[in-house]
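Asker: Got a file for you: upload.cif, mmCIF, C-alpha atoms.
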```cif
data_protein
loop_
_atom_site.label_atom_id
_atom_site.label_comp_id
_atom_site.auth_asym_id
_atom_site.auth_seq_id
_atom_site.Cartn_x
_atom_site.Cartn_y
_atom_site.Cartn_z
CA MET A 1 -40.43 -85.18 3.31
CA PRO A 2 -37.50 -86.16 5.60
CA LYS A 3 -35.51 -89.32 4.85
CA GLN A 4 -37.14 -92.22 6.60
CA ASP A 5 -35.28 -94.20 9.25
CA PRO A 6 -35.68 -97.90 8.33
CA TYR A 7 -34.90 -98.90 11.94
CA ALA A 8 -37.09 -96.34 13.71
CA ALA A 9 -39.40 -98.88 15.38
CA LEU A 10 -36.48 -101.14 16.34
CA ARG A 11 -35.08 -98.38 18.56
CA ILE A 12 -37.94 -98.94 21.02
CA LYS A 13 -37.22 -101.65 23.63
CA GLU A 14 -40.78 -102.87 24.19
CA PHE A 15 -41.37 -103.15 20.45
CA ASN A 16 -38.32 -105.42 20.19
CA ILE A 17 -39.70 -107.58 23.00
CA PHE A 18 -43.01 -107.72 21.16
CA LEU A 19 -41.26 -108.82 17.96
CA PHE A 20 -39.48 -111.60 19.86
CA VAL A 21 -42.77 -112.78 21.38
CA ARG A 22 -44.48 -112.68 18.01
CA PHE A 23 -41.62 -114.57 16.39
CA LEU A 24 -41.84 -117.39 18.93
CA LEU A 25 -45.63 -117.62 18.58
CA VAL A 26 -45.70 -117.64 14.80
CA PHE A 27 -42.69 -119.93 14.55
CA GLY A 28 -44.44 -122.42 16.79
CA TRP A 29 -47.81 -121.99 15.08
CA SER A 30 -46.26 -122.45 11.60
CA MET A 31 -44.33 -125.52 12.64
CA GLN A 32 -47.46 -126.94 14.25
CA PHE A 33 -49.48 -126.29 11.08
CA ILE A 34 -46.89 -128.12 8.95
CA VAL A 35 -46.78 -131.10 11.29
CA ILE A 36 -50.56 -131.45 11.54
CA GLU A 37 -51.05 -131.13 7.77
CA TRP A 38 -48.43 -133.82 7.23
CA GLN A 39 -49.81 -136.11 9.93
CA VAL A 40 -53.43 -135.85 8.79
CA TYR A 41 -52.64 -136.55 5.15
CA SER A 42 -50.31 -139.39 6.16
CA ILE A 43 -53.07 -141.20 8.05
CA THR A 44 -55.92 -140.47 5.61
CA LYS A 45 -54.33 -140.03 2.14
CA ASP A 46 -57.35 -137.86 1.38
CA PRO A 47 -56.82 -134.22 0.26
CA LEU A 48 -60.30 -133.38 1.51
CA SER A 49 -59.13 -134.08 5.07
CA LEU A 50 -56.68 -131.20 4.65
CA GLY A 51 -59.53 -128.96 3.57
CA ILE A 52 -61.50 -129.97 6.65
CA ILE A 53 -58.64 -128.71 8.83
CA GLY A 54 -59.18 -125.27 7.30
CA LEU A 55 -62.93 -125.55 7.75
CA MET A 56 -62.56 -126.49 11.42
CA GLU A 57 -60.50 -123.36 12.01
CA ILE A 58 -62.59 -120.92 9.99
CA ILE A 59 -65.94 -121.72 11.65
CA PRO A 60 -65.01 -120.34 15.11
CA ALA A 61 -62.55 -117.75 13.76
CA PHE A 62 -65.16 -116.20 11.47
CA SER A 63 -68.16 -116.48 13.77
CA MET A 64 -66.30 -114.99 16.76
CA ALA A 65 -64.32 -112.32 14.89
CA LEU A 66 -66.52 -109.28 15.47
CA PHE A 67 -67.24 -110.15 19.10
CA ALA A 68 -63.50 -110.68 19.67
CA GLY A 69 -62.80 -107.21 18.24
CA HIS A 70 -65.29 -105.70 20.67
CA ILE A 71 -63.63 -107.47 23.61
CA VAL A 72 -60.15 -106.35 22.50
CA ASP A 73 -61.23 -102.70 22.31
CA GLN A 74 -62.67 -102.97 25.83
CA ARG A 75 -59.74 -104.77 27.52
CA GLU A 76 -56.07 -104.24 28.39
CA LYS A 77 -54.04 -105.65 25.49
CA ARG A 78 -50.94 -107.15 27.15
CA ASN A 79 -52.85 -109.39 29.54
CA LEU A 80 -55.34 -110.38 26.83
CA LEU A 81 -52.48 -111.53 24.58
CA ALA A 82 -51.00 -113.45 27.53
CA LEU A 83 -54.31 -115.22 28.09
CA CYS A 84 -54.51 -116.23 24.41
CA THR A 85 -50.89 -117.42 24.44
CA GLY A 86 -51.46 -119.56 27.52
CA ALA A 87 -54.49 -121.18 25.91
CA PHE A 88 -52.49 -121.81 22.72
CA SER A 89 -49.89 -123.70 24.74
CA LEU A 90 -52.64 -126.09 25.87
CA ILE A 91 -53.52 -126.81 22.22
CA SER A 92 -49.87 -127.61 21.46
CA LEU A 93 -49.73 -129.90 24.48
CA GLY A 94 -52.90 -131.66 23.34
CA LEU A 95 -51.61 -132.19 19.80
CA PHE A 96 -48.36 -133.58 21.21
CA PHE A 97 -50.38 -136.09 23.22
CA LEU A 98 -52.44 -137.13 20.16
CA THR A 99 -49.32 -137.91 18.13
CA THR A 100 -47.49 -140.01 20.72
CA ASP A 101 -47.01 -143.74 20.03
CA THR A 102 -49.25 -144.59 22.98
CA VAL A 103 -52.26 -142.82 21.49
CA ILE A 104 -51.56 -143.82 17.89
CA ASN A 105 -51.35 -147.49 18.85
CA SER A 106 -54.37 -147.55 21.16
CA TRP A 107 -56.83 -145.16 19.46
CA SER A 108 -58.59 -145.68 16.16
CA THR A 109 -57.59 -143.50 13.20
CA ASN A 110 -60.92 -141.68 13.26
CA SER A 111 -60.63 -140.98 16.99
CA VAL A 112 -57.22 -139.39 16.53
CA LEU A 113 -58.43 -137.46 13.48
CA TYR A 114 -61.54 -136.09 15.21
CA ALA A 115 -59.53 -135.11 18.29
CA ILE A 116 -57.08 -133.19 16.08
CA TYR A 117 -60.02 -131.45 14.39
CA GLY A 118 -61.37 -130.54 17.82
CA LEU A 119 -58.13 -128.87 18.89
CA VAL A 120 -57.88 -127.07 15.55
CA PHE A 121 -61.42 -125.78 16.18
CA PHE A 122 -60.31 -124.41 19.57
CA GLY A 123 -57.32 -122.84 17.83
CA GLY A 124 -59.67 -121.06 15.43
CA PHE A 125 -61.48 -119.58 18.41
CA LEU A 126 -58.18 -118.25 19.76
CA ARG A 127 -57.20 -116.86 16.37
CA SER A 128 -60.21 -114.57 16.41
CA PHE A 129 -58.60 -112.87 19.45
CA PHE A 130 -54.93 -113.09 18.46
CA GLY A 131 -55.18 -110.91 15.34
CA PRO A 132 -56.94 -107.85 16.78
CA THR A 133 -54.99 -108.04 20.05
CA ILE A 134 -51.61 -108.02 18.32
CA PHE A 135 -52.71 -105.32 15.85
CA SER A 136 -53.92 -103.10 18.70
CA LEU A 137 -50.85 -103.69 20.86
CA VAL A 138 -48.44 -102.59 18.11
CA ALA A 139 -50.05 -99.14 18.03
CA LEU A 140 -49.51 -98.79 21.80
CA LEU A 141 -45.80 -99.58 21.61
CA VAL A 142 -44.62 -97.02 19.03
CA PRO A 143 -45.32 -93.34 18.28
CA LYS A 144 -47.92 -92.66 15.62
CA LYS A 145 -45.35 -91.09 13.30
CA ILE A 146 -43.65 -94.49 12.75
CA TYR A 147 -46.75 -96.70 12.49
CA HIS A 148 -45.87 -97.52 8.89
CA ASN A 149 -42.35 -98.59 9.88
CA ALA A 150 -43.62 -100.67 12.81
CA ALA A 151 -46.20 -102.34 10.53
CA THR A 152 -43.43 -103.34 8.12
CA TRP A 153 -41.19 -104.82 10.84
CA SER A 154 -44.08 -106.58 12.55
CA THR A 155 -45.24 -108.15 9.30
CA SER A 156 -41.65 -109.05 8.36
CA THR A 157 -41.18 -110.76 11.72
CA TRP A 158 -44.38 -112.70 11.17
CA LYS A 159 -43.16 -113.88 7.78
CA THR A 160 -39.67 -114.67 9.03
CA ALA A 161 -41.19 -116.83 11.73
CA SER A 162 -43.45 -118.45 9.15
CA VAL A 163 -40.57 -119.43 6.88
CA SER A 164 -38.48 -120.67 9.79
CA GLY A 165 -41.35 -122.63 11.29
CA ALA A 166 -42.27 -124.18 7.95
CA LEU A 167 -38.67 -125.08 7.16
CA PHE A 168 -37.84 -126.57 10.55
CA GLY A 169 -41.24 -128.22 10.78
CA GLY A 170 -40.54 -130.20 7.63
CA PHE A 171 -37.02 -131.14 8.70
CA PHE A 172 -38.02 -132.01 12.26
CA ILE A 173 -40.69 -134.42 11.04
CA GLY A 174 -37.94 -136.45 9.36
CA TRP A 175 -35.30 -135.97 12.04
CA LEU A 176 -37.24 -136.11 15.31
CA GLY A 177 -40.73 -137.36 14.53
CA VAL A 178 -44.11 -135.70 14.74
CA ASP A 179 -44.64 -135.91 18.50
CA THR A 180 -41.19 -134.56 19.43
CA THR A 181 -41.64 -131.66 17.02
CA LEU A 182 -44.92 -130.75 18.69
CA SER A 183 -43.25 -130.86 22.10
CA ILE A 184 -40.82 -128.21 20.80
CA VAL A 185 -43.81 -126.09 19.77
CA PHE A 186 -45.15 -126.29 23.33
CA ILE A 187 -41.79 -125.14 24.73
CA LEU A 188 -41.62 -122.18 22.32
CA VAL A 189 -45.13 -121.01 23.10
CA THR A 190 -44.45 -121.26 26.84
CA LEU A 191 -41.30 -119.16 26.41
CA SER A 192 -43.27 -116.50 24.51
CA PHE A 193 -45.83 -116.44 27.34
CA ILE A 194 -43.11 -115.78 29.92
CA THR A 195 -41.34 -113.14 27.81
CA LEU A 196 -44.56 -111.25 27.17
CA PHE A 197 -44.68 -110.01 30.77
CA GLN A 198 -41.60 -107.87 30.13
CA ILE A 199 -43.99 -105.53 28.33
CA LYS A 200 -45.87 -103.21 30.67
CA LYS A 201 -49.64 -103.00 30.76
CA LYS A 202 -51.00 -100.47 28.30
CA PRO A 203 -53.87 -97.96 28.67
CA ILE A 204 -57.25 -98.67 27.17
CA LEU A 205 -57.83 -95.88 24.63
CA ASN A 206 -61.48 -96.67 23.97
CA SER A 207 -63.60 -93.93 25.57
CA LYS A 208 -66.76 -96.02 25.30
CA ILE A 209 -66.02 -98.70 27.86
CA GLY A 210 -69.19 -100.63 28.58
CA GLU A 211 -70.75 -99.72 25.25
CA PRO A 212 -73.46 -102.24 24.25
CA VAL A 213 -72.03 -105.03 22.08
CA THR A 214 -74.45 -104.46 19.20
CA GLU A 215 -73.66 -100.73 19.01
CA SER A 216 -69.93 -101.42 19.23
CA LEU A 217 -70.00 -104.01 16.46
CA LYS A 218 -72.14 -101.86 14.18
CA ALA A 219 -69.72 -98.94 14.59
CA GLY A 220 -66.74 -101.09 13.62
CA VAL A 221 -68.40 -102.63 10.56
CA LYS A 222 -69.79 -99.26 9.46
CA PHE A 223 -66.33 -97.67 9.62
CA VAL A 224 -64.78 -100.36 7.42
CA PHE A 225 -67.55 -100.30 4.82
CA GLN A 226 -67.48 -96.50 4.61
CA ASN A 227 -63.70 -96.38 4.10
CA LYS A 228 -63.26 -97.33 0.44
CA ALA A 229 -59.49 -97.73 0.67
CA ILE A 230 -59.73 -100.24 3.54
CA LEU A 231 -62.74 -102.07 2.10
CA GLY A 232 -61.24 -102.36 -1.38
CA THR A 233 -57.89 -103.56 -0.07
CA LEU A 234 -59.45 -106.20 2.16
CA THR A 235 -61.75 -107.44 -0.60
CA LEU A 236 -58.90 -107.82 -3.09
CA ASP A 237 -56.72 -109.70 -0.63
CA MET A 238 -59.61 -111.87 0.52
CA ILE A 239 -60.39 -113.17 -2.97
CA ALA A 240 -56.71 -113.60 -3.86
CA VAL A 241 -56.07 -115.61 -0.69
CA LEU A 242 -59.30 -117.59 -1.11
CA PHE A 243 -58.48 -118.84 -4.59
CA GLY A 244 -54.71 -118.54 -4.63
CA GLY A 245 -53.96 -120.50 -1.48
CA THR A 246 -51.88 -123.58 -2.29
CA VAL A 247 -50.41 -124.14 1.18
CA ALA A 248 -53.23 -126.44 2.29
CA ILE A 249 -52.46 -129.03 -0.38
CA LEU A 250 -48.66 -128.69 -0.53
CA SER A 251 -48.40 -132.03 1.26
CA VAL A 252 -50.19 -133.62 -1.73
CA PHE A 253 -47.61 -132.16 -4.13
CA ALA A 254 -44.72 -133.10 -1.84
CA GLN A 255 -45.83 -136.69 -1.36
CA ASP A 256 -47.58 -137.62 -4.62
CA ILE A 257 -46.42 -135.29 -7.43
CA LEU A 258 -42.92 -133.98 -6.68
CA LYS A 259 -42.12 -136.90 -4.34
CA VAL A 260 -39.66 -134.93 -2.18
CA GLY A 261 -40.52 -136.21 1.31
CA PRO A 262 -40.92 -134.17 4.53
CA GLU A 263 -37.71 -132.17 3.95
CA GLY A 264 -38.93 -131.08 0.52
CA PHE A 265 -42.33 -130.35 2.02
CA GLY A 266 -40.69 -128.00 4.50
CA LEU A 267 -38.73 -126.29 1.72
CA LEU A 268 -41.87 -125.77 -0.36
CA ASN A 269 -43.60 -124.08 2.57
CA ALA A 270 -40.50 -122.11 3.46
CA SER A 271 -39.95 -120.81 -0.07
CA ILE A 272 -43.25 -118.90 0.05
CA SER A 273 -42.38 -117.07 3.23
CA MET A 274 -38.75 -116.55 2.18
CA GLY A 275 -39.96 -114.57 -0.82
CA SER A 276 -42.18 -112.49 1.44
CA ILE A 277 -39.33 -111.77 3.84
CA VAL A 278 -37.05 -110.48 1.09
CA THR A 279 -39.59 -108.02 -0.27
CA MET A 280 -40.83 -106.88 3.14
CA LEU A 281 -37.31 -106.09 4.30
CA LEU A 282 -36.78 -104.13 1.10
CA THR A 283 -39.88 -102.06 1.81
CA THR A 284 -38.23 -100.71 4.96
CA TYR A 285 -35.78 -98.96 2.61
CA ILE A 286 -38.06 -98.40 -0.39
CA PRO A 287 -41.30 -96.66 0.69
CA ILE A 288 -44.56 -98.01 -0.68
CA ASN A 289 -46.45 -94.77 -0.04
CA GLN A 290 -46.38 -93.55 -3.66
CA ASN A 291 -48.69 -95.22 -6.21
CA THR A 292 -49.68 -97.62 -3.45
CA GLY A 293 -52.75 -99.02 -5.17
CA ARG A 294 -51.00 -99.77 -8.45
CA LYS A 295 -48.15 -101.50 -6.65
CA MET A 296 -50.63 -103.68 -4.78
CA LEU A 297 -52.54 -104.62 -7.95
CA ILE A 298 -49.33 -105.52 -9.77
CA SER A 299 -48.08 -107.60 -6.84
CA VAL A 300 -51.31 -109.60 -6.58
CA PHE A 301 -51.28 -110.17 -10.37
CA ILE A 302 -47.74 -111.57 -10.16
CA PHE A 303 -48.90 -113.71 -7.24
CA GLY A 304 -51.62 -115.26 -9.42
CA LEU A 305 -49.19 -115.98 -12.29
CA SER A 306 -46.71 -117.68 -9.96
CA ILE A 307 -49.43 -119.88 -8.46
CA ILE A 308 -50.34 -121.08 -11.96
CA ALA A 309 -46.67 -121.78 -12.68
CA PHE A 310 -46.40 -123.84 -9.50
CA GLY A 311 -49.47 -125.88 -10.38
CA LEU A 312 -48.09 -126.74 -13.83
CA SER A 313 -44.57 -127.56 -12.65
CA SER A 314 -43.29 -131.11 -12.21
CA LEU A 315 -39.73 -130.03 -11.36
CA PHE A 316 -38.87 -129.37 -7.72
CA TRP A 317 -36.61 -126.36 -8.37
CA VAL A 318 -39.21 -124.74 -10.63
CA SER A 319 -41.86 -125.29 -7.96
CA LEU A 320 -39.61 -123.69 -5.34
CA LEU A 321 -38.96 -120.68 -7.58
CA ALA A 322 -42.65 -120.23 -8.37
CA LEU A 323 -43.58 -120.33 -4.67
CA PHE A 324 -40.74 -117.94 -3.82
CA ILE A 325 -42.09 -115.42 -6.35
CA SER A 326 -45.62 -115.87 -5.03
CA GLY A 327 -44.37 -115.13 -1.52
CA ALA A 328 -42.45 -112.07 -2.72
CA ALA A 329 -45.53 -110.65 -4.41
CA ASP A 330 -47.74 -111.50 -1.44
CA GLY A 331 -45.27 -109.79 0.90
CA ILE A 332 -45.72 -106.46 -0.86
CA SER A 333 -49.49 -106.77 -0.72
CA MET A 334 -49.33 -107.68 2.96
CA VAL A 335 -47.18 -104.70 3.94
CA ILE A 336 -49.47 -102.35 2.01
CA ARG A 337 -52.58 -103.75 3.69
CA GLN A 338 -51.14 -103.54 7.19
CA THR A 339 -49.87 -100.00 6.57
CA ILE A 340 -53.28 -98.87 5.33
CA LEU A 341 -54.97 -100.37 8.38
CA GLN A 342 -52.52 -98.88 10.89
CA ILE A 343 -52.66 -95.40 9.37
CA LYS A 344 -56.36 -95.12 8.64
CA THR A 345 -57.79 -96.82 11.76
CA PRO A 346 -58.66 -94.72 14.87
CA ASP A 347 -57.09 -95.94 18.13
CA ASP A 348 -60.44 -96.74 19.74
CA MET A 349 -61.48 -99.00 16.85
CA ARG A 350 -58.33 -101.03 16.22
CA GLY A 351 -59.69 -104.26 17.69
CA ARG A 352 -62.93 -104.15 15.70
CA VAL A 353 -61.31 -103.09 12.42
CA SER A 354 -58.67 -105.80 12.79
CA SER A 355 -61.46 -108.31 13.42
CA VAL A 356 -63.18 -107.31 10.19
CA ASN A 357 -59.79 -107.71 8.52
CA SER A 358 -59.52 -111.22 9.96
CA MET A 359 -62.99 -112.02 8.62
CA PHE A 360 -61.97 -110.85 5.15
CA VAL A 361 -58.38 -112.04 4.91
CA GLY A 362 -57.52 -114.18 7.93
CA SER A 363 -60.55 -116.43 7.66
CA SER A 364 -60.18 -116.66 3.89
CA ASN A 365 -56.93 -118.54 4.53
CA GLU A 366 -58.88 -121.32 6.18
CA LEU A 367 -61.78 -121.10 3.74
CA GLY A 368 -59.20 -121.13 0.96
CA ALA A 369 -57.71 -124.26 2.51
CA PHE A 370 -61.12 -125.92 2.38
CA GLU A 371 -61.65 -124.70 -1.21
CA SER A 372 -58.22 -126.05 -2.22
CA GLY A 373 -58.85 -129.42 -0.58
CA LEU A 374 -62.31 -129.74 -2.12
CA ALA A 375 -61.11 -128.62 -5.55
CA ALA A 376 -58.19 -131.06 -5.36
CA LYS A 377 -60.64 -133.84 -4.49
CA ILE A 378 -62.90 -133.01 -7.46
CA LEU A 379 -60.48 -131.68 -10.10
CA GLY A 380 -57.17 -133.09 -8.97
CA PRO A 381 -54.41 -131.05 -7.28
CA VAL A 382 -52.86 -129.60 -10.45
CA ALA A 383 -56.15 -128.38 -11.94
CA ALA A 384 -57.21 -127.02 -8.53
CA VAL A 385 -54.08 -124.84 -8.21
CA VAL A 386 -54.29 -123.58 -11.81
CA PHE A 387 -57.96 -122.73 -11.31
CA GLY A 388 -57.14 -120.78 -8.15
CA GLY A 389 -54.38 -118.79 -9.82
CA THR A 390 -56.63 -117.97 -12.77
CA MET A 391 -59.39 -116.71 -10.48
CA THR A 392 -56.82 -114.46 -8.76
CA LEU A 393 -55.83 -112.90 -12.10
CA ILE A 394 -59.47 -112.29 -13.01
CA THR A 395 -60.04 -110.62 -9.62
CA VAL A 396 -57.08 -108.26 -10.03
CA VAL A 397 -58.11 -107.17 -13.52
CA THR A 398 -61.70 -106.63 -12.41
CA THR A 399 -60.60 -104.57 -9.38
CA ALA A 400 -58.31 -102.41 -11.50
CA VAL A 401 -61.16 -101.65 -13.90
CA VAL A 402 -64.06 -101.04 -11.51
CA SER A 403 -62.30 -99.51 -8.47
CA PRO A 404 -60.57 -96.15 -9.08
CA THR A 405 -60.13 -95.78 -5.30
CA ILE A 406 -57.77 -98.75 -5.23
CA ARG A 407 -56.19 -98.02 -8.61
CA ASN A 408 -55.27 -94.46 -7.59
CA LEU A 409 -54.54 -95.10 -3.90
CA ASP A 410 -51.56 -93.10 -2.60
CA LEU A 411 -50.47 -92.97 1.07
CA THR A 412 -47.95 -90.12 0.80
CA ALA A 413 -50.21 -87.48 2.37
CA ASP A 414 -51.33 -89.81 5.20
CA ILE A 415 -47.77 -90.72 6.17
CA GLU A 416 -46.59 -87.11 6.03
CA GLU A 417 -49.48 -86.05 8.27
CA ASN A 418 -48.58 -88.70 10.86
CA GLU A 419 -44.94 -87.59 10.82
CA LYS A 420 -45.93 -83.98 11.38
CA GLU A 421 -47.91 -85.00 14.48
CA GLY A 422 -44.70 -86.37 15.95
CA VAL A 423 -46.46 -88.44 18.64
#
```
Output the structure of this file as structure tokens.

Answerer:
Amino acid sequence: MPKQDPYAALRIKEFNIFLFVRFLLVFGWSMQFIVIEWQVYSITKDPLSLGIIGLMEIIPAFSMALFAGHIVDQREKRNLLALCTGAFSLISLGLFFLTTDTVINSWSTNSVLYAIYGLVFFGGFLRSFFGPTIFSLVALLVPKKIYHNAATWSTSTWKTASVSGALFGGFFIGWLGVDTTLSIVFILVTLSFITLFQIKKKPILNSKIGEPVTESLKAGVKFVFQNKAILGTLTLDMIAVLFGGTVAILSVFAQDILKVGPEGFGLLNASISMGSIVTMLLTTYIPINQNTGRKMLISVFIFGLSIIAFGLSSLFWVSLLALFISGAADGISMVIRQTILQIKTPDDMRGRVSSVNSMFVGSSNELGAFESGLAAKILGPVAAVVFGGTMTLITVVTTAVVSPTIRNLDLTADIEENEKEGV
């Protein structure tokens, strides 16, 4: 097997433009998430309100996911992403308006809260299209032989933007205020919209244009459930994210337990993504194709342990370290999942398979946020986080025992086959 070029995908101009667009979008989205979580908890002091934010996003994201995948497979990807980005800019503009002094002083708390929930709901609708559109577009920008390298760089860019957005979001709340920070989000999203048009339109590779929706959706779901490697990977990640998600209640820890203010809140969020970035960049040099399944199981197990450590910690530096380790472990799992999906998914099904992925993993982020908020309301934040980490450990052990497909998963042959195709 020839030595892999860690920068193979970066040598393609349009892929670099795509990475820049994705960075701006995710940076803005992450900063917006931080600001809204902080603002909602500040005006309600109720952890359940944070869980409701997740619930408001998961309802449209989950219910629209399969239909969105069908639309993505039937449409040109560049323009579809532009449409989603333009709509996202309207959400950012609306949230900016809701956090201005004029609205805060003239509207009731509930009116502001419900309006924020409404925009989050609209954002969940858009998310059902963002995931499969971006996933499909990546495969049209690079040759098949470097899909695995492009998946690593795309995921690393996403995480880099996440850490930057989380970090600056926390700092900007203290330095500039909530409304000004959201105005910056609007500017970033608008810039990504403009930049996106430097990528040319791409061909639609689906040969079944006009296929009935029901037949299209059934084909996508059937493919995922018949592919044990994809199904097992998605299931493991879904449960880990569902129970191991602490991000939704980090504002509770920052304000009430660690007492570190908005700057500390930003650092807590950023430490998760910083860990992911470090490991994902390393995977561009250290292939994950050998013993892939075992590496994924070990990484998710370490993720669960670190979440428990965070929940039990009352020291800020220990909490930062625990979240950094959780992000590092999650980064490995994320790269493996995206590589499996890119390699094993046919071109004409990328939208639908990515939509199923979003139903398993993407939507479990929001459902996990609701679970975390509800558990924190009932059990208290510390017990809720420890419970989530424990459930993650149980899931990993169970998967390792009952699923030989995942335990013995190895991508070496798949990657070598793609490289031989040379297209």

Asker: Given the file shown, determine the residues that the PyMOL selection byres ((chain A and resi 17-23) around 8) selects; report them as a list in words.

Answerer: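 Those residues are Lys13, Glu14, Phe15, Asn16, Leu24, Leu25, Val26, Phe27, Ser154, Thr157, Trp158, Thr160, Ala161, Ser192, Phe193, Thr195, Leu196, Gln198 and Ile199 of chain A.
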
Asker: Given the file above and the PyMOL selection byres ((chain A and resi 129) around 9), which residues are selected, and can you give them as a VMD selection string?

Answerer: chain A and resid 61 64 to 65 68 to 69 71 to 72 80 to 81 84 125 to 128 130 to 134 351 355

Asker: Which residues come within 12 Å of Arg337 of chain A, counting only C-alpha atoms, excluding same-chain residues fewer than 4 positions away, as an MDAnalysis selection string?

Answerer: chainID A and resid 148 151:152 155 229:238 288:289 292:293 295:297 300 330:333 341:345 354 357:358 360:361 406 409 411

Asker: For segment 219-226 of chain A, find every residue with an atom within 8 Å (counting all atoms listed in the file), except residues of its own chain fewer than 2 positions away, and show them as JSON, numbers by chain.

Answerer: {"A": [215, 216, 217, 228, 230, 231, 349, 352, 353, 356]}

Asker: Apply the PyMOL selection byres ((chain A and resi 183-187) around 9) to the structure shown and report the selected residues as a PyMOL selection string.

Answerer: chain A and resi 24-25+27-29+31-32+88-93+95-97+178-182+188-192

Asker: Within 10 Å of (-43.0, -98.3, 11.7) (coordinates as in the file), grab all the protein and nucleic acid residues, counting all atoms listed in the file, and write them out as a CSV table (one decimal) with C-alpha atoms, in the frame of the given file.

Answerer:
```
chain,number,residue,atom,x,y,z
A,4,GLN,CA,-37.1,-92.2,6.6
A,5,ASP,CA,-35.3,-94.2,9.2
A,6,PRO,CA,-35.7,-97.9,8.3
A,7,TYR,CA,-34.9,-98.9,11.9
A,8,ALA,CA,-37.1,-96.3,13.7
A,9,ALA,CA,-39.4,-98.9,15.4
A,10,LEU,CA,-36.5,-101.1,16.3
A,138,VAL,CA,-48.4,-102.6,18.1
A,139,ALA,CA,-50.0,-99.1,18.0
A,142,VAL,CA,-44.6,-97.0,19.0
A,143,PRO,CA,-45.3,-93.3,18.3
A,144,LYS,CA,-47.9,-92.7,15.6
A,145,LYS,CA,-45.4,-91.1,13.3
A,146,ILE,CA,-43.6,-94.5,12.8
A,147,TYR,CA,-46.8,-96.7,12.5
A,148,HIS,CA,-45.9,-97.5,8.9
A,149,ASN,CA,-42.4,-98.6,9.9
A,150,ALA,CA,-43.6,-100.7,12.8
A,151,ALA,CA,-46.2,-102.3,10.5
A,152,THR,CA,-43.4,-103.3,8.1
A,153,TRP,CA,-41.2,-104.8,10.8
A,154,SER,CA,-44.1,-106.6,12.6
A,284,THR,CA,-38.2,-100.7,5.0
A,339,THR,CA,-49.9,-100.0,6.6
A,342,GLN,CA,-52.5,-98.9,10.9
```

Asker: One number please: atom CA of Val382 of chain A to atom CA of Trp317 of chain A, in Å, one decimal.

Answerer: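 Distance between the two atoms: 16.7 Å.
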
Asker: So how far away is atom CA of Gly327 of chain A from atom CA of Pro404 of chain A, in Å?

Answerer: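 Computing it gives 26.1 Å between the two atoms.
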
Asker: Which distance in Å separates atom CA of Gly388 of chain A and atom CA of Phe243 of chain A, to one decimal?

Answerer: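 Separating atom CA of Gly388 of chain A from atom CA of Phe243 of chain A is a distance of 4.3 Å.
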
Asker: Name the closest residue to Ile325 of chain A among the candidates A:Pro60, A:Gly304, A:Pro47, A:Gly123; distances are taken between atoms, counting only C-alpha atoms.

Answerer: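 Comparing A:Pro60, A:Gly304, A:Pro47, A:Gly123 against Ile325 of chain A, the winner is A:Gly304.
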
Asker: Please provide as a list in words all residues within 9 Å of segment 256-267 of chain A, with the sequence filter that same-chain residues fewer than 4 positions apart are discarded (counting all atoms listed in the file).

Answerer: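 Returned residues: Ile34, Trp38, Val163, Gly165, Ala166, Leu167, Phe168, Gly169, Gly170, Phe171, Phe172, Ile173, Gly174, Leu250, Ser251, Val252, Ser271, Ile272, Ser313, Ser314, Leu315, Phe316, Ser319 and Leu320 of chain A.
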
Asker: Please write the residues from the selection above to a file, keeping C-alpha atoms, as a PDB file, keeping the file's coordinate frame.

Answerer:
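Contents of part_36.pdb, as written:
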```
ATOM      1  CA  ILE A  34     -46.890-128.120   8.950  1.00  0.00           C
ATOM      2  CA  TRP A  38     -48.430-133.820   7.230  1.00  0.00           C
ATOM      3  CA  VAL A 163     -40.570-119.430   6.880  1.00  0.00           C
ATOM      4  CA  GLY A 165     -41.350-122.630  11.290  1.00  0.00           C
ATOM      5  CA  ALA A 166     -42.270-124.180   7.950  1.00  0.00           C
ATOM      6  CA  LEU A 167     -38.670-125.080   7.160  1.00  0.00           C
ATOM      7  CA  PHE A 168     -37.840-126.570  10.550  1.00  0.00           C
ATOM      8  CA  GLY A 169     -41.240-128.220  10.780  1.00  0.00           C
ATOM      9  CA  GLY A 170     -40.540-130.200   7.630  1.00  0.00           C
ATOM     10  CA  PHE A 171     -37.020-131.140   8.700  1.00  0.00           C
ATOM     11  CA  PHE A 172     -38.020-132.010  12.260  1.00  0.00           C
ATOM     12  CA  ILE A 173     -40.690-134.420  11.040  1.00  0.00           C
ATOM     13  CA  GLY A 174     -37.940-136.450   9.360  1.00  0.00           C
ATOM     14  CA  LEU A 250     -48.660-128.690  -0.530  1.00  0.00           C
ATOM     15  CA  SER A 251     -48.400-132.030   1.260  1.00  0.00           C
ATOM     16  CA  VAL A 252     -50.190-133.620  -1.730  1.00  0.00           C
ATOM     17  CA  SER A 271     -39.950-120.810  -0.070  1.00  0.00           C
ATOM     18  CA  ILE A 272     -43.250-118.900   0.050  1.00  0.00           C
ATOM     19  CA  SER A 313     -44.570-127.560 -12.650  1.00  0.00           C
ATOM     20  CA  SER A 314     -43.290-131.110 -12.210  1.00  0.00           C
ATOM     21  CA  LEU A 315     -39.730-130.030 -11.360  1.00  0.00           C
ATOM     22  CA  PHE A 316     -38.870-129.370  -7.720  1.00  0.00           C
ATOM     23  CA  SER A 319     -41.860-125.290  -7.960  1.00  0.00           C
ATOM     24  CA  LEU A 320     -39.610-123.690  -5.340  1.00  0.00           C
TER      25      LEU A 320
END
```
